[in-house]
Amino acid sequence: MRLFPLTSSQTVGPFFAPALLREDARRNVLTQPETAGERIRLEGRVLDGEGMPIPDALVEIWQANAHGRYHHPTDQGPAPLDASFLGFGRSGTAEDGSYWFETIKPGSVPFEGARLQAPHICVTVFARGLLNHLVTRLYFEDEPSNSSDPVLQCVPAERRATLLARRKPAGAVVVYRFDIVLQGANETAFFNL
Amino acid sequence: MKHITIGEIVRGDREVFPPYLYEAYQATRRRAPTLPLIEVPLTLSELTGPGPAISAITPADADLTRNAGTGGEAIGQRIIVTGRVLDDRGNPMPNTLLEIWQANAAGRYLHKRDQWPGPLDPNFLGIGRCLTNEDSIYRFLTIRPGAYPWKNHPNAWRPAHIHFSVLGPNQLARLVTQMYFPDDPLHQLDPIMNAVPTEQARKRLIAAYDHDVTEPEWALGYRWNIVARGPYATPFESVGSGGTAP
């Protein structure tokens with residue numbers, strides 16, 4: 001029941017970068033040297049319905065720490081906080097539509113009771129031409145618990161692969177690739193959130 | 001009026017939020033998703049968010065007339081923009097980060113992709129931020145932005161507006177929107193504003209002139225309240241319940 005009607009969304013437009021990506025507002029690197037967990041690099045492109053890169057998108061991520069605890073007062077779970085990890089990232093996209101983050105692989109966070117969610121990263125996308133932002137999740141393709149994740153199971157089976165980040169062949173850094181396709185073939189599954 | 005193709009896919013409340021596809025706004029045509037948005041349960045991931053941890057700003061950030069740091073003051077009609085940020089049950093959202101950006105008094109953005117021949121103002125960056133206080137009130141000092149031409153259709157002008165980004169206490173409250181000014185003849189010609197589905201919802205994007213906010217011999221006052229989604233399930237969602245069986 002809404003007592004107060006919501007304020008509508010409007011597009012972020014083409015000129016947000018000086019405000020939202022100023023030096024102390026962009027957050028490509030989520031880790032500090034002492035942050036616990038497996039270092040990963042996330043890379044991907046934001047693409048439109050013709051497969052063309054979107055050079056003026058904004059990608060935000062939100063995730064738990066390596067122990068599966070959110071840096072937030074609502075998470076009162078037993079997993080430890082990591083004072084060196086907030087879990088919030090914000091990246092623009094380059095001319096080729098690419099964004100990147102350096103972070104850690106999150107632990108599993110609770111669903112209900114003893115049930116856990118598969119490790120995941122919440123992803124929000126803003127762009128010129130998006131009158132509303134888009135919300136989705138990044139899962140890890142090599143994570144066995146994906147098959148029992150309560151949110152991934154809501155996604156029609158034939159669209160689940162769009163939420164799986166692909167691990168690149170071994171290199172010095174673990175890289176997961178996650179393209180975000182706003183429209184058309186391989187359109188990413190977005191949530192009504 | 002010409003027929004406008006309006007998409008079926010909407011995030012959240014259909015009476016409030018614009019569809020992703022609104023053909024009159026051309027950039028939506030190749031960027032709007034075409035497949036249904038997935039209904040998902042609300043979990044700890046959605047009921048948390050970065051907002052409460054982000055507070056590293058200074059009071060000077062909220063004064064766009066001087067935050068260019070040149071020692072000079074921006075040209076234009078000085079205005080105060082203030083209001084409250086609430087959730088949809090009327091609960092306050094104190095300590096919420098608002099980030100804003102806007103064109104200068106001539107309608108020009110300080111951005112490399114904005115090259116129309118409106119003059120730049122060396123004393124105006126057009127960016128600001130502040131936190132809501134313990135009463136959930138925000139307040140900016142800025143100048144009234146000019147209207148701005150764009151290439152969406154022939155002789156297209158955006159009505160004067162200020163962009164707002166709200167980083168609320170959880171992910172559901174995340175909101176990016178635009179505030180407009182009263183009595184602007186460009187409102188009815190603007191496809192971005194008119195993508196909002198109802199007149200009531202469009203009116204809520206327009207600030208009110210408020211003489212009680214106006215400061216004598218200093219600045220005109222505008223009041224604009226923001227209502228963002230609270231951490232509550234809608235009738236279509238469940239909190240912490242199981243997902244649909246595969």
# chains A, B, ... in the order shown; residues from 1 in each chain; ligands from 1
$ select_by_dssp --residues "region 2-244 of chain B" --states "strand (DSSP E)" --output "PyMOL selection string"
chain B and resi 78-87+97-102+127-131+137-143+148-150+156-158+161-167+175-180+208-209+220-223+226-228
$ interface_residues --of "chain A" --to "chain B" --cutoff "8 Å" --atoms "only C-alpha atoms" --output "count of residues only"
58
$ closest_residue --among "A:Ala165, A:Leu116, A:Ala127, A:Ala17" --to "Leu42 (chain A)" --atoms "only C-alpha atoms"
A:Ala165
$ atom_distance --atom1 "CA of Ile180 (chain A)" --atom2 "CA of Thr162 (chain A)"
8.1 Å
$ decode --residues "region 37-54 of chain A" --atoms "N, CA and C atoms" --output "short mmCIF file (atom, residue, chain, number, x, y, z; two decimals), in the first residue's frame"
data_model
loop_
_atom_site.label_atom_id
_atom_site.label_comp_id
_atom_site.auth_asym_id
_atom_site.auth_seq_id
_atom_site.Cartn_x
_atom_site.Cartn_y
_atom_site.Cartn_z
N GLY A 37 39.59 -12.24 0.27
CA GLY A 37 38.85 -12.88 -0.82
C GLY A 37 39.64 -13.02 -2.09
N GLU A 38 39.07 -13.80 -3.01
CA GLU A 38 39.70 -14.07 -4.30
C GLU A 38 39.54 -12.85 -5.21
N ARG A 39 40.68 -12.27 -5.63
CA ARG A 39 40.63 -11.12 -6.54
C ARG A 39 40.06 -11.54 -7.89
N ILE A 40 39.10 -10.78 -8.38
CA ILE A 40 38.59 -11.01 -9.73
C ILE A 40 38.47 -9.67 -10.44
N ARG A 41 38.58 -9.74 -11.74
CA ARG A 41 38.32 -8.56 -12.56
C ARG A 41 37.06 -8.85 -13.38
N LEU A 42 36.13 -7.91 -13.35
CA LEU A 42 34.93 -8.04 -14.18
C LEU A 42 35.10 -7.13 -15.39
N GLU A 43 34.81 -7.69 -16.56
CA GLU A 43 34.90 -6.92 -17.80
C GLU A 43 33.67 -7.22 -18.64
N GLY A 44 33.22 -6.24 -19.35
CA GLY A 44 32.11 -6.50 -20.26
C GLY A 44 31.80 -5.28 -21.08
N ARG A 45 30.86 -5.44 -21.98
CA ARG A 45 30.41 -4.31 -22.77
C ARG A 45 28.90 -4.15 -22.61
N VAL A 46 28.45 -2.92 -22.77
CA VAL A 46 27.02 -2.65 -22.80
C VAL A 46 26.67 -2.42 -24.28
N LEU A 47 25.70 -3.21 -24.78
CA LEU A 47 25.40 -3.22 -26.21
C LEU A 47 23.93 -2.91 -26.46
N ASP A 48 23.65 -2.28 -27.60
CA ASP A 48 22.25 -1.96 -27.92
C ASP A 48 21.65 -3.03 -28.83
N GLY A 49 20.45 -2.76 -29.32
CA GLY A 49 19.69 -3.74 -30.09
C GLY A 49 20.31 -4.07 -31.44
N GLU A 50 21.26 -3.28 -31.88
CA GLU A 50 21.95 -3.60 -33.13
C GLU A 50 23.34 -4.16 -32.86
N GLY A 51 23.61 -4.46 -31.61
CA GLY A 51 24.93 -4.98 -31.25
C GLY A 51 25.99 -3.90 -31.19
N MET A 52 25.57 -2.65 -31.24
CA MET A 52 26.53 -1.55 -31.20
C MET A 52 26.85 -1.20 -29.74
N PRO A 53 28.12 -0.84 -29.48
CA PRO A 53 28.48 -0.46 -28.11
C PRO A 53 27.77 0.81 -27.67
N ILE A 54 27.47 0.88 -26.39
CA ILE A 54 26.87 2.07 -25.80
C ILE A 54 27.96 2.79 -25.02
#
